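A quick write-up on the structure given underneath.
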Amino acid sequence: STALAGQQSRFAFTPIAAQTDSTVHVPEGYSWKTLVSWGDPLFSDAPAFDPETGVPTEGSDRVFGENTDGMELFLIGDRQVLVVNSEYTNNKLNLAGNAEGVPASADEVRRLQQFQGVNILEIAEQADGWKVVVDSPFNRRIHHNTPMRISGPAAGHALLKTAEDPSGTASLGTFNNCGSGKTPWGTYLTCEENFNGYFGATAEVPADDALRAGYKRYGISTEIEPGRYNYHGFDARFDVSKTPNEPHRAGYVVEIDPADPSSTPVKRTALGRFKHENAECVIAADGRVVVYLGDDERGEFLYKWVSRDIYVPGGDTSTLLDEGVLHVARFNDDQTGSWIALTEDSTGMPAAEIAVFTRMAASKVGATTMDRPEWVAVNPVSIEAYCCLTNNSRRGVRNEDGTMRTNAGGDAMGVNAVNRREKNDYGQIVRWRPARNDHATNVFEWDLYVMAGNPAVHAEGPMAGSANVNDGNLFNSPDGMAIDSTGLIWIQTDGDDSNEGDFAGMGNNQMLAGDPVSGELHRFLTGPNGCEVTGLCWSADRRTMFVGIQHPGKGFPDAEGLPRSSIVAVKRDDNALVG
Ligand code: FEO
Ligand code: CA
Ligand code: CA
Ligand code: CA
């Protein structure tokens, strides 16, 4: 049975200690089991996973992909369908026999391309736990070569046209799918984050100033070298000297209908192009759709998109995410803030260019450079939202000439009230409450819900963290986040798990639960060493929580063989609700 931490406590568990081992820990009275790991078959014709060599190229699009990240559960009829991102690949694990981990053939490129993207899998609870329903008609793999439709203001623009697709509306693949979102109309939003890493050059790129400025701001390499993925060595689509516009076709939020396995995913350019973390949807007071969006880069921005049209349950939602206005956040030091609309008037840029070069548009309106905005979560029981600002090693750092470090667009990264620490290794979570209790309004008040820190190492000052951080709940680098139906905040970390120096006592990456009112934070789960904990959703009956374990070190989930990114199912032993 579980001990309640106190009469007034929101927490139905006893917090656990930090851990440094190679497994998952949950509180007394709870248990966990692996649901699915990288390489497990989604279809019965898939090759078996080899503990030493993984999965061959043929069949790599028939198994659960690598590096699980954002996920959402959909109830389709009486079927429970999990939609899960596979963010990136650990090439040395995926390319057996290739010691460098840099693809050396078209076959190796294709294997990596097929281990990433999105997984759609039906799951069902059996007497011995949750299982993948192999061969379910809902099962589907979406990867780096899956046909996509491009919609919204950038669709068909010259910047998106290529020799293969002169229409600028039909691309292949979704890339570096990090966090997720779920619309009220039952679709999945997958967020393209570090898409820049898949491009490279085999020759000099055209000396086009606008093109080069965009590459610089988005980190697209024009160096003639293999890079990490070397897609461009074998696939001209990723070679910017041959296909200079291909990078303009990635970096979006992509909408997927899990109920229709034959549907084409849609890149919603209205939601902007940047290193998208997640896409948190909420319906405003008047029925418009509000989507909060983080750009995970040091000194980049936090965004909000507001639809033009209202959401009508049961109505046509096929173009709802195509028309609306992107806004970018300004946080004032007096704990007020505003959302600044990115329009032709405010930026001097046409709508299509705002959609493609969103970062440049945001730089024109005086937005606040942030400490890497990761997941945003909206509280379903209170009109407020939270964003994990994971860390920023360059905040407040000066160049040799004494000027302040900037983002790639030249916006300075000096300290301010919301990003208040130099060389911020720990991260913080900001919370805002929109005026008039309406997520569509453009003014808000904000505070810091928590500033991570280490009071055991730094007795005082900002590195000690906020008052709700103590020896029992030390953590760094908040990243994934979701708020359950009762209003409890679940916070996942992707930080330094050395357990030394500034990070002593923090242990492995973990998941904590936070009370939004008292600020109390209790450690609920610890991951295996080397991993990041990312991705969280619940079964339809809320008696199981699914938690993602990304890039674990050796020893997980099996003591022997390759380490495998996995999703674990966590339940209470008495089968009570877990959120
Ligand atoms: Fe893929 Fe910002 O995490
Ligand atoms: Ca993340
Ligand atoms: Ca992170
Ligand atoms: Ca990650």
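Please note that chains go A, B, ... in the order of the structure tokens, that every chain numbers its residues from 1, and that ligands are numbered from 1 in the order shown.
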Looking only at the backbone, which of the residues in stretch 335-461 of chain A does DSSP tag as helix (DSSP H, G or I), as a list in words?
Glu344, Asp345, Ser346, Thr347, Ala351, Ala352, Glu353, Ile354, Ala355, Val356, Thr358, Arg359, Met360, Ala361, Ala362, Ser363, Ala435, Arg436 and Asn437 of chain A
With N, CA and C atoms retained, write the just-selected residues as a compact mmCIF listing (two decimals), in the first residue's frame.
```txt
# COMPACT_ATOMS: atom_id res chain seq x y z
N GLU A 344 2.76 41.18 -41.38
CA GLU A 344 3.49 41.97 -42.38
C GLU A 344 3.80 43.35 -41.82
N ASP A 345 2.83 43.93 -41.09
CA ASP A 345 3.02 45.28 -40.51
C ASP A 345 4.14 45.30 -39.48
N SER A 346 4.16 44.30 -38.58
CA SER A 346 5.12 44.36 -37.48
C SER A 346 6.52 43.93 -37.91
N THR A 347 6.62 43.12 -38.97
CA THR A 347 7.92 42.57 -39.34
C THR A 347 8.44 43.06 -40.69
N ALA A 351 3.67 37.06 -45.37
CA ALA A 351 3.24 35.94 -44.53
C ALA A 351 4.04 34.67 -44.81
N ALA A 352 4.32 34.39 -46.08
CA ALA A 352 5.04 33.15 -46.41
C ALA A 352 6.44 33.18 -45.81
N GLU A 353 7.09 34.35 -45.82
CA GLU A 353 8.45 34.44 -45.28
C GLU A 353 8.46 34.39 -43.75
N ILE A 354 7.40 34.92 -43.13
CA ILE A 354 7.29 34.78 -41.66
C ILE A 354 7.22 33.29 -41.30
N ALA A 355 6.50 32.52 -42.15
CA ALA A 355 6.35 31.09 -41.88
C ALA A 355 7.66 30.33 -42.05
N VAL A 356 8.51 30.77 -43.00
CA VAL A 356 9.76 30.04 -43.29
C VAL A 356 10.92 30.56 -42.43
N THR A 358 10.84 32.30 -39.49
CA THR A 358 10.14 32.77 -38.29
C THR A 358 11.10 33.41 -37.29
N ARG A 359 12.28 32.83 -37.13
CA ARG A 359 13.24 33.40 -36.17
C ARG A 359 13.60 34.83 -36.55
N MET A 360 13.81 35.06 -37.84
CA MET A 360 14.18 36.42 -38.28
C MET A 360 13.01 37.39 -38.04
N ALA A 361 11.80 36.92 -38.28
CA ALA A 361 10.63 37.77 -38.03
C ALA A 361 10.57 38.13 -36.55
N ALA A 362 10.80 37.15 -35.69
CA ALA A 362 10.71 37.39 -34.24
C ALA A 362 11.80 38.35 -33.77
N SER A 363 12.96 38.32 -34.42
CA SER A 363 14.05 39.21 -34.03
C SER A 363 13.72 40.67 -34.32
N ALA A 435 -4.26 37.40 -19.29
CA ALA A 435 -5.26 38.35 -18.81
C ALA A 435 -6.66 37.83 -19.14
N ARG A 436 -7.61 38.19 -18.35
CA ARG A 436 -9.02 37.85 -18.54
C ARG A 436 -9.24 36.34 -18.66
N ASN A 437 -8.33 35.57 -18.05
CA ASN A 437 -8.47 34.10 -18.09
C ASN A 437 -8.70 33.56 -19.49
```
Can you list every residue of chain A that has an atom at most 7 Å from ligand 3, with its nearest atom pair and the distance in Å to one decimal, using only C-alpha atoms and all ligand atoms, ordered by chain then number, as CSV?
```
residue,atom,partner,partner_atom_place_in_ligand_line,distance
A:Glu374,CA,ligand 3,1 (Ca),6.8
A:Thr390,CA,ligand 3,1 (Ca),6.5
A:Asp479,CA,ligand 3,1 (Ca),5.3
A:Asp494,CA,ligand 3,1 (Ca),5.0
```
Could you pull the residues within 9 Å of A:Gly465, counting only C-alpha atoms, minus those fewer than 6 positions along the same chain, as a VMD selection string?
chain A and resid 426 428 450 to 455 458
Hey, what's within 12 Å of A:Gln126 if we count only C-alpha atoms and toss same-chain stuff fewer than 6 positions away? As a list of chain:residue names, please?
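So the residues in contact are A:Leu35, A:Val132, A:Val133.
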Under the rule of at most 6 Å, produce a per-residue listing of chain A near ligand 1: chain, number, name, the closest pair of atoms, and the distance in Å, as a Markdown table, using only C-alpha atoms and all ligand atoms.
```
| residue | atom | partner | partner_atom_place_in_ligand_line | distance |
| --- | --- | --- | --- | --- |
| A:Cys178 | CA | ligand 1 | 1 (Fe) | 4.4 |
| A:Glu277 | CA | ligand 1 | 2 (Fe) | 5.3 |
| A:Asp296 | CA | ligand 1 | 2 (Fe) | 5.0 |
| A:Glu374 | CA | ligand 1 | 2 (Fe) | 5.2 |
```
Taking N, CA and C atoms for each residue, export the selection above as an mmCIF file, in the first residue's frame.
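And here is the file that came out, part00.cif:
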```
data_model
loop_
_atom_site.group_PDB
_atom_site.id
_atom_site.type_symbol
_atom_site.label_atom_id
_atom_site.label_comp_id
_atom_site.auth_asym_id
_atom_site.auth_seq_id
_atom_site.Cartn_x
_atom_site.Cartn_y
_atom_site.Cartn_z
ATOM 1 N N CYS A 178 10.588 15.611 -32.045
ATOM 2 C CA CYS A 178 10.933 15.739 -30.627
ATOM 3 C C CYS A 178 9.686 15.628 -29.770
ATOM 4 N N GLU A 277 9.908 22.285 -30.261
ATOM 5 C CA GLU A 277 9.952 21.319 -29.168
ATOM 6 C C GLU A 277 8.636 20.549 -29.097
ATOM 7 N N ASP A 296 13.710 25.304 -29.196
ATOM 8 C CA ASP A 296 14.794 24.868 -28.313
ATOM 9 C C ASP A 296 16.164 25.200 -28.897
ATOM 10 N N GLU A 374 11.823 24.450 -23.902
ATOM 11 C CA GLU A 374 11.462 23.068 -24.233
ATOM 12 C C GLU A 374 9.940 22.949 -24.117
#
```
Non-local contacts of stretch 499-506 of chain A (10 Å; only C-alpha atoms; under 5 positions in same chain excluded) as a PyMOL selection string
chain A and resi 17-20+425-426+453-458+463-464+471-476
Set out as CSV a contact list for chain A and ligand 4 with a cut-off of 10 Å, giving each residue of chain A that qualifies its closest atom pair and distance in Å to one decimal, counting only C-alpha atoms and all ligand atoms, ordered by chain and rising residue number.
```
residue,atom,partner,partner_atom_place_in_ligand_line,distance
A:Asn67,CA,ligand 4,1 (Ca),7.6
A:Thr68,CA,ligand 4,1 (Ca),8.6
A:Asp69,CA,ligand 4,1 (Ca),7.2
A:Gly70,CA,ligand 4,1 (Ca),9.9
A:Ser86,CA,ligand 4,1 (Ca),9.8
A:Glu87,CA,ligand 4,1 (Ca),7.2
A:Tyr88,CA,ligand 4,1 (Ca),8.0
A:Asn176,CA,ligand 4,1 (Ca),9.6
A:Asn177,CA,ligand 4,1 (Ca),9.9
A:Cys178,CA,ligand 4,1 (Ca),7.3
A:Gly179,CA,ligand 4,1 (Ca),9.4
A:Asp479,CA,ligand 4,1 (Ca),9.1
A:Gly480,CA,ligand 4,1 (Ca),9.7
A:Thr493,CA,ligand 4,1 (Ca),9.9
A:Asp494,CA,ligand 4,1 (Ca),7.0
A:Gly495,CA,ligand 4,1 (Ca),9.8
A:Cys531,CA,ligand 4,1 (Ca),8.8
A:Glu532,CA,ligand 4,1 (Ca),6.5
A:Val533,CA,ligand 4,1 (Ca),8.5
A:Thr534,CA,ligand 4,1 (Ca),7.5
A:Ile549,CA,ligand 4,1 (Ca),9.7
A:Gln550,CA,ligand 4,1 (Ca),6.7
A:His551,CA,ligand 4,1 (Ca),7.7
```
Could you name the residues that touch stretch 407-423 of chain A at 9 Å or less, counting only C-alpha atoms, but leaving out those on the same chain fewer than 4 positions away, as a PyMOL selection string?
chain A and resi 216-219+297-300+331-335+359-360+363+366+368-371+389+391-398+403+427-428+430+446-448+462-463
